[in-house]
$ cat entry_27.cif   # mmCIF, C-alpha atoms
data_entry
loop_
_atom_site.group_PDB
_atom_site.id
_atom_site.type_symbol
_atom_site.label_atom_id
_atom_site.label_comp_id
_atom_site.auth_asym_id
_atom_site.auth_seq_id
_atom_site.Cartn_x
_atom_site.Cartn_y
_atom_site.Cartn_z
ATOM 1 C CA MET A 1 3.669 19.346 34.729
ATOM 2 C CA GLU A 2 4.984 18.873 31.217
ATOM 3 C CA VAL A 3 2.526 17.564 28.632
ATOM 4 C CA PHE A 4 3.873 15.439 25.796
ATOM 5 C CA PRO A 5 2.149 15.119 22.431
ATOM 6 C CA PRO A 6 0.557 11.743 21.757
ATOM 7 C CA MET A 7 2.738 9.240 19.956
ATOM 8 C CA ALA A 8 1.681 7.798 16.643
ATOM 9 C CA ILE A 9 1.779 4.027 16.164
ATOM 10 C CA PHE A 10 1.895 2.252 12.810
ATOM 11 C CA ASN A 11 1.719 -1.539 12.284
ATOM 12 C CA GLN A 12 2.311 -3.567 9.152
ATOM 13 C CA LYS A 13 2.477 -7.311 8.567
ATOM 14 C CA ILE A 14 4.769 -8.427 5.735
ATOM 15 C CA GLU A 15 4.554 -11.878 4.141
ATOM 16 C CA ILE A 16 7.668 -13.432 2.615
ATOM 17 C CA GLU A 17 8.728 -16.790 1.217
ATOM 18 C CA SER A 18 12.025 -18.421 2.196
ATOM 19 C CA ARG A 19 13.734 -20.631 -0.380
ATOM 20 C CA LYS A 20 16.426 -22.466 1.625
ATOM 21 C CA GLN A 21 16.742 -24.288 4.935
ATOM 22 C CA PHE A 22 19.018 -21.521 6.239
ATOM 23 C CA GLU A 23 18.717 -18.110 4.631
ATOM 24 C CA LEU A 24 19.273 -14.439 5.413
ATOM 25 C CA ILE A 25 16.561 -12.420 3.685
ATOM 26 C CA ASP A 26 17.273 -8.685 3.537
ATOM 27 C CA ILE A 27 14.109 -6.936 4.744
ATOM 28 C CA THR A 28 15.567 -3.432 5.063
ATOM 29 C CA GLY A 29 13.578 -2.198 2.052
ATOM 30 C CA HIS A 30 10.312 -3.365 3.633
ATOM 31 C CA VAL A 31 11.140 -1.451 6.823
ATOM 32 C CA ASP A 32 12.208 1.692 4.921
ATOM 33 C CA ALA A 33 8.922 1.620 2.959
ATOM 34 C CA ALA A 34 6.875 1.185 6.146
ATOM 35 C CA ILE A 35 8.610 4.180 7.756
ATOM 36 C CA LEU A 36 7.719 6.374 4.785
ATOM 37 C CA GLN A 37 4.152 5.060 4.765
ATOM 38 C CA SER A 38 3.800 5.712 8.514
ATOM 39 C CA LYS A 39 4.742 9.400 8.150
ATOM 40 C CA ILE A 40 6.597 9.084 11.477
ATOM 41 C CA ALA A 41 9.783 11.166 11.312
ATOM 42 C CA SER A 42 11.288 10.461 14.733
ATOM 43 C CA GLY A 43 10.872 7.416 16.939
ATOM 44 C CA MET A 44 11.607 3.709 16.948
ATOM 45 C CA VAL A 45 10.834 0.744 14.746
ATOM 46 C CA LEU A 46 10.350 -2.742 16.151
ATOM 47 C CA VAL A 47 10.720 -5.592 13.667
ATOM 48 C CA TYR A 48 9.251 -8.749 15.202
ATOM 49 C CA ASN A 49 9.147 -12.329 13.956
ATOM 50 C CA PRO A 50 6.363 -14.542 15.420
ATOM 51 C CA HIS A 51 7.990 -17.852 14.418
ATOM 52 C CA THR A 52 9.966 -20.109 16.763
ATOM 53 C CA THR A 53 12.331 -21.311 14.022
ATOM 54 C CA ALA A 54 13.324 -17.945 12.549
ATOM 55 C CA SER A 55 14.881 -14.713 13.740
ATOM 56 C CA ILE A 56 15.337 -11.010 13.022
ATOM 57 C CA ARG A 57 18.912 -9.668 13.085
ATOM 58 C CA LEU A 58 20.808 -6.500 12.169
ATOM 59 C CA ASN A 59 24.223 -6.992 10.587
ATOM 60 C CA HIS A 60 26.506 -6.407 7.621
ATOM 61 C CA LYS A 61 25.129 -7.444 4.230
ATOM 62 C CA GLU A 62 27.886 -9.386 2.520
ATOM 63 C CA PRO A 63 27.481 -12.782 0.777
ATOM 64 C CA MET A 64 30.581 -14.422 2.262
ATOM 65 C CA LEU A 65 29.501 -13.342 5.734
ATOM 66 C CA GLU A 66 26.194 -15.181 5.244
ATOM 67 C CA GLN A 67 28.210 -18.375 4.785
ATOM 68 C CA ASP A 68 30.196 -17.568 7.939
ATOM 69 C CA PHE A 69 26.975 -17.115 9.933
ATOM 70 C CA MET A 70 25.634 -20.422 8.621
ATOM 71 C CA LYS A 71 28.878 -22.274 9.481
ATOM 72 C CA MET A 72 28.948 -20.761 12.966
ATOM 73 C CA LEU A 73 25.318 -21.678 13.663
ATOM 74 C CA TYR A 74 25.769 -25.238 12.389
ATOM 75 C CA ARG A 75 28.829 -25.589 14.637
ATOM 76 C CA LEU A 76 26.888 -24.325 17.668
ATOM 77 C CA VAL A 77 23.678 -26.156 16.746
ATOM 78 C CA PRO A 78 24.569 -29.161 14.548
ATOM 79 C CA LEU A 79 21.853 -30.663 12.351
ATOM 80 C CA GLU A 80 22.949 -34.216 13.182
ATOM 81 C CA GLU A 81 22.592 -33.726 16.952
ATOM 82 C CA ASN A 82 19.795 -35.649 18.685
ATOM 83 C CA TYR A 83 17.196 -33.094 19.785
ATOM 84 C CA SER A 84 14.509 -34.205 22.220
ATOM 85 C CA HIS A 85 12.033 -31.993 20.368
ATOM 86 C CA ASP A 86 12.341 -34.379 17.407
ATOM 87 C CA LEU A 87 11.225 -37.437 19.398
ATOM 88 C CA PHE A 88 7.634 -37.229 18.218
ATOM 89 C CA GLU A 89 6.647 -40.569 19.767
ATOM 90 C CA MET A 90 7.489 -39.203 23.235
ATOM 91 C CA ARG A 91 5.891 -35.754 22.878
ATOM 92 C CA GLU A 92 2.303 -34.717 23.424
ATOM 93 C CA GLN A 93 0.234 -32.795 20.876
ATOM 94 C CA VAL A 94 2.404 -33.286 17.807
ATOM 95 C CA ASP A 95 1.001 -31.796 14.593
ATOM 96 C CA THR A 96 0.665 -34.238 11.709
ATOM 97 C CA ASN A 97 2.820 -32.038 9.441
ATOM 98 C CA GLU A 98 5.489 -31.293 12.043
ATOM 99 C CA ARG A 99 9.129 -31.317 10.916
ATOM 100 C CA SER A 100 12.205 -32.627 12.710
ATOM 101 C CA ASN A 101 13.468 -29.144 13.461
ATOM 102 C CA GLY A 102 14.852 -29.116 16.985
ATOM 103 C CA HIS A 103 18.050 -27.560 15.627
ATOM 104 C CA ALA A 104 16.085 -24.639 14.123
ATOM 105 C CA HIS A 105 14.298 -23.918 17.411
ATOM 106 C CA VAL A 106 17.626 -23.839 19.282
ATOM 107 C CA ALA A 107 19.301 -21.618 16.663
ATOM 108 C CA ALA A 108 16.379 -19.157 16.654
ATOM 109 C CA PHE A 109 16.406 -19.109 20.468
ATOM 110 C CA LEU A 110 20.067 -18.065 20.409
ATOM 111 C CA LEU A 111 19.500 -15.396 17.744
ATOM 112 C CA GLY A 112 16.373 -13.701 19.133
ATOM 113 C CA SER A 113 13.057 -12.755 17.611
ATOM 114 C CA SER A 114 13.239 -8.985 17.110
ATOM 115 C CA GLU A 115 15.272 -5.830 16.589
ATOM 116 C CA ILE A 116 14.540 -2.242 17.624
ATOM 117 C CA VAL A 117 16.150 0.530 15.574
ATOM 118 C CA PRO A 118 15.808 4.295 16.072
ATOM 119 C CA ILE A 119 14.305 6.536 13.370
ATOM 120 C CA GLN A 120 15.365 10.098 12.678
ATOM 121 C CA ASN A 121 14.295 12.261 9.708
ATOM 122 C CA SER A 122 12.111 9.353 8.517
ATOM 123 C CA GLN A 123 15.148 7.059 8.155
ATOM 124 C CA LEU A 124 16.610 4.161 10.115
ATOM 125 C CA ILE A 125 19.623 5.165 12.190
ATOM 126 C CA LYS A 126 22.030 2.366 11.309
ATOM 127 C CA GLY A 127 25.548 1.880 10.071
ATOM 128 C CA ASP A 128 26.282 2.258 6.349
ATOM 129 C CA LYS A 129 26.804 -1.488 5.954
ATOM 130 C CA GLN A 130 24.012 -2.634 8.262
ATOM 131 C CA SER A 131 20.872 -4.308 6.987
ATOM 132 C CA LEU A 132 17.900 -5.914 8.708
ATOM 133 C CA PHE A 133 17.547 -9.616 8.026
ATOM 134 C CA PHE A 134 14.823 -12.198 8.437
ATOM 135 C CA VAL A 135 16.896 -15.263 9.375
ATOM 136 C CA GLU A 136 15.266 -18.497 8.215
ATOM 137 C CA CYS A 137 16.428 -21.539 10.217
ATOM 138 C CA ASP A 138 13.828 -24.078 8.996
ATOM 139 C CA GLY A 139 12.940 -23.324 5.410
ATOM 140 C CA PRO A 140 11.780 -23.246 2.821
ATOM 141 C CA ARG A 141 8.342 -22.025 3.857
ATOM 142 C CA ALA A 142 5.898 -19.130 3.918
ATOM 143 C CA ARG A 143 6.698 -16.637 6.674
ATOM 144 C CA ASP A 144 5.681 -13.234 7.955
ATOM 145 C CA PHE A 145 6.992 -10.564 10.266
ATOM 146 C CA THR A 146 5.536 -7.428 11.828
ATOM 147 C CA ILE A 147 6.852 -3.872 11.652
ATOM 148 C CA THR A 148 5.688 -1.588 14.467
ATOM 149 C CA ILE A 149 6.712 2.046 14.285
ATOM 150 C CA TYR A 150 6.074 4.453 17.109
ATOM 151 C CA GLY A 151 7.023 8.093 17.417
ATOM 152 C CA GLU A 152 6.036 11.460 16.024
#

$ encode --input "entry_27.cif" --output "structure tokens"
Amino acid sequence: MEVFPPMAIFNQKIEIESRKQFELIDITGHVDAAILQSKIASGMVLVYNPHTTASIRLNHKEPMLEQDFMKMLYRLVPLEENYSHDLFEMREQVDTNERSNGHAHVAAFLLGSSEIVPIQNSQLIKGDKQSLFFVECDGPRARDFTITIYGE
């Protein structure tokens, strides 16, 4: 029977502030710093967003592409659509500070809440032009995300 060494696990919560209703915030530097701090050389990193109106995505960092993503999302999930989530008078347990943000929930649902990226030699294994993004769909507001690194 083969015995494997125990895996190390490192967790870090990062707080950020979005400034726009829709925004791609490059968080690659936060993840790189957490990998170095974890002292894990080989393994995986999970970047997880606990919010239902935001997402975590891996893609090319290019300003014009951010506009393309925003246009595509607004075509798929238009702001002016009537979302049942926004009918506060018909819903139960509505918070007093709740926003009309049905569109943001739908967009975040389509995008997903996390990314997993491999680590080798204490670095993310990703394409040269890839970056990790916190995708804000309902800003501006205070946000956070969690980095979990596991490996050896």

$ atom_distance --input "entry_27.cif" --atom1 "CA of Gln67 in chain A" --atom2 "CA of Lys20 in chain A"
12.9 Å

$ closest_residue --input "entry_27.cif" --among "A:His30, A:His51, A:His103, A:Lys39" --to "Asp144 in chain A" --atoms "only C-alpha atoms"
A:His51

$ resolve_selection --input "entry_27.cif" --expression "the PyMOL selection byres ((chain A and resi 98) around 12)" --output "PDB file with C-alpha atoms, keeping the file's coordinate frame"
ATOM      1  CA  HIS A  85      12.033 -31.993  20.368  1.00  0.00           C
ATOM      2  CA  ASP A  86      12.341 -34.379  17.407  1.00  0.00           C
ATOM      3  CA  LEU A  87      11.225 -37.437  19.398  1.00  0.00           C
ATOM      4  CA  PHE A  88       7.634 -37.229  18.218  1.00  0.00           C
ATOM      5  CA  ARG A  91       5.891 -35.754  22.878  1.00  0.00           C
ATOM      6  CA  GLN A  93       0.234 -32.795  20.876  1.00  0.00           C
ATOM      7  CA  VAL A  94       2.404 -33.286  17.807  1.00  0.00           C
ATOM      8  CA  ASP A  95       1.001 -31.796  14.593  1.00  0.00           C
ATOM      9  CA  THR A  96       0.665 -34.238  11.709  1.00  0.00           C
ATOM     10  CA  ASN A  97       2.820 -32.038   9.441  1.00  0.00           C
ATOM     11  CA  ARG A  99       9.129 -31.317  10.916  1.00  0.00           C
ATOM     12  CA  SER A 100      12.205 -32.627  12.710  1.00  0.00           C
ATOM     13  CA  ASN A 101      13.468 -29.144  13.461  1.00  0.00           C
ATOM     14  CA  GLY A 102      14.852 -29.116  16.985  1.00  0.00           C
ATOM     15  CA  ASP A 138      13.828 -24.078   8.996  1.00  0.00           C
TER      16      ASP A 138
END

$ resolve_selection --input "entry_27.cif" --expression "the PyMOL selection byres ((chain A and resi 129-135) around 9)" --output "ChimeraX atom specification"
/A:22-29,31,47,49,53-62,108,111,115,126-128,136-137,145

$ closest_residue --input "entry_27.cif" --among "A:Ala107, A:Leu65, A:Ile35, A:Ile16" --to "Val77 in chain A" --atoms "only C-alpha atoms"
A:Ala107

$ build_atoms --input "entry_27.cif" --residues "range 1-25 of chain A" --atoms "N, CA and C atoms" --output "short mmCIF file (atom, residue, chain, number, x, y, z; two decimals), in the coordinates of the input"
data_model
loop_
_atom_site.label_atom_id
_atom_site.label_comp_id
_atom_site.auth_asym_id
_atom_site.auth_seq_id
_atom_site.Cartn_x
_atom_site.Cartn_y
_atom_site.Cartn_z
N MET A 1 3.65 20.66 35.33
CA MET A 1 3.67 19.35 34.73
C MET A 1 3.78 19.49 33.21
N GLU A 2 4.76 18.81 32.66
CA GLU A 2 4.98 18.87 31.22
C GLU A 2 4.04 17.91 30.49
N VAL A 3 3.45 18.39 29.41
CA VAL A 3 2.53 17.56 28.63
C VAL A 3 3.22 17.20 27.32
N PHE A 4 3.24 15.93 27.02
CA PHE A 4 3.87 15.44 25.80
C PHE A 4 2.81 15.16 24.74
N PRO A 5 3.13 15.44 23.48
CA PRO A 5 2.15 15.12 22.43
C PRO A 5 1.96 13.61 22.33
N PRO A 6 0.79 13.19 21.89
CA PRO A 6 0.56 11.74 21.76
C PRO A 6 1.47 11.14 20.68
N MET A 7 1.89 9.94 20.92
CA MET A 7 2.74 9.24 19.96
C MET A 7 1.88 8.54 18.92
N ALA A 8 2.35 8.55 17.70
CA ALA A 8 1.68 7.80 16.64
C ALA A 8 2.22 6.38 16.64
N ILE A 9 1.38 5.43 16.28
CA ILE A 9 1.78 4.03 16.16
C ILE A 9 1.30 3.52 14.82
N PHE A 10 2.20 2.80 14.13
CA PHE A 10 1.90 2.25 12.81
C PHE A 10 2.31 0.79 12.82
N ASN A 11 1.43 -0.10 12.35
CA ASN A 11 1.72 -1.54 12.28
C ASN A 11 1.54 -2.04 10.86
N GLN A 12 2.43 -2.95 10.47
CA GLN A 12 2.31 -3.57 9.15
C GLN A 12 2.84 -5.00 9.22
N LYS A 13 2.06 -5.91 8.66
CA LYS A 13 2.48 -7.31 8.57
C LYS A 13 2.98 -7.55 7.14
N ILE A 14 4.16 -8.14 7.03
CA ILE A 14 4.77 -8.43 5.74
C ILE A 14 4.88 -9.94 5.57
N GLU A 15 4.43 -10.44 4.44
CA GLU A 15 4.55 -11.88 4.14
C GLU A 15 5.71 -12.08 3.17
N ILE A 16 6.53 -13.10 3.46
CA ILE A 16 7.67 -13.43 2.62
C ILE A 16 7.71 -14.94 2.42
N GLU A 17 8.56 -15.37 1.53
CA GLU A 17 8.73 -16.79 1.22
C GLU A 17 10.22 -17.11 1.27
N SER A 18 10.62 -18.01 2.17
CA SER A 18 12.02 -18.42 2.20
C SER A 18 12.22 -19.54 1.17
N ARG A 19 13.45 -19.66 0.69
CA ARG A 19 13.73 -20.63 -0.38
C ARG A 19 14.73 -21.71 0.03
N LYS A 20 15.39 -21.53 1.18
CA LYS A 20 16.43 -22.47 1.62
C LYS A 20 16.18 -22.84 3.08
N GLN A 21 16.87 -23.90 3.53
CA GLN A 21 16.74 -24.29 4.93
C GLN A 21 17.28 -23.18 5.83
N PHE A 22 18.46 -22.66 5.52
CA PHE A 22 19.02 -21.52 6.24
C PHE A 22 19.19 -20.39 5.24
N GLU A 23 18.66 -19.21 5.59
CA GLU A 23 18.72 -18.11 4.63
C GLU A 23 18.61 -16.78 5.38
N LEU A 24 19.39 -15.80 4.93
CA LEU A 24 19.27 -14.44 5.41
C LEU A 24 18.57 -13.64 4.34
N ILE A 25 17.37 -13.18 4.64
CA ILE A 25 16.56 -12.42 3.68
C ILE A 25 16.62 -10.95 4.10
#
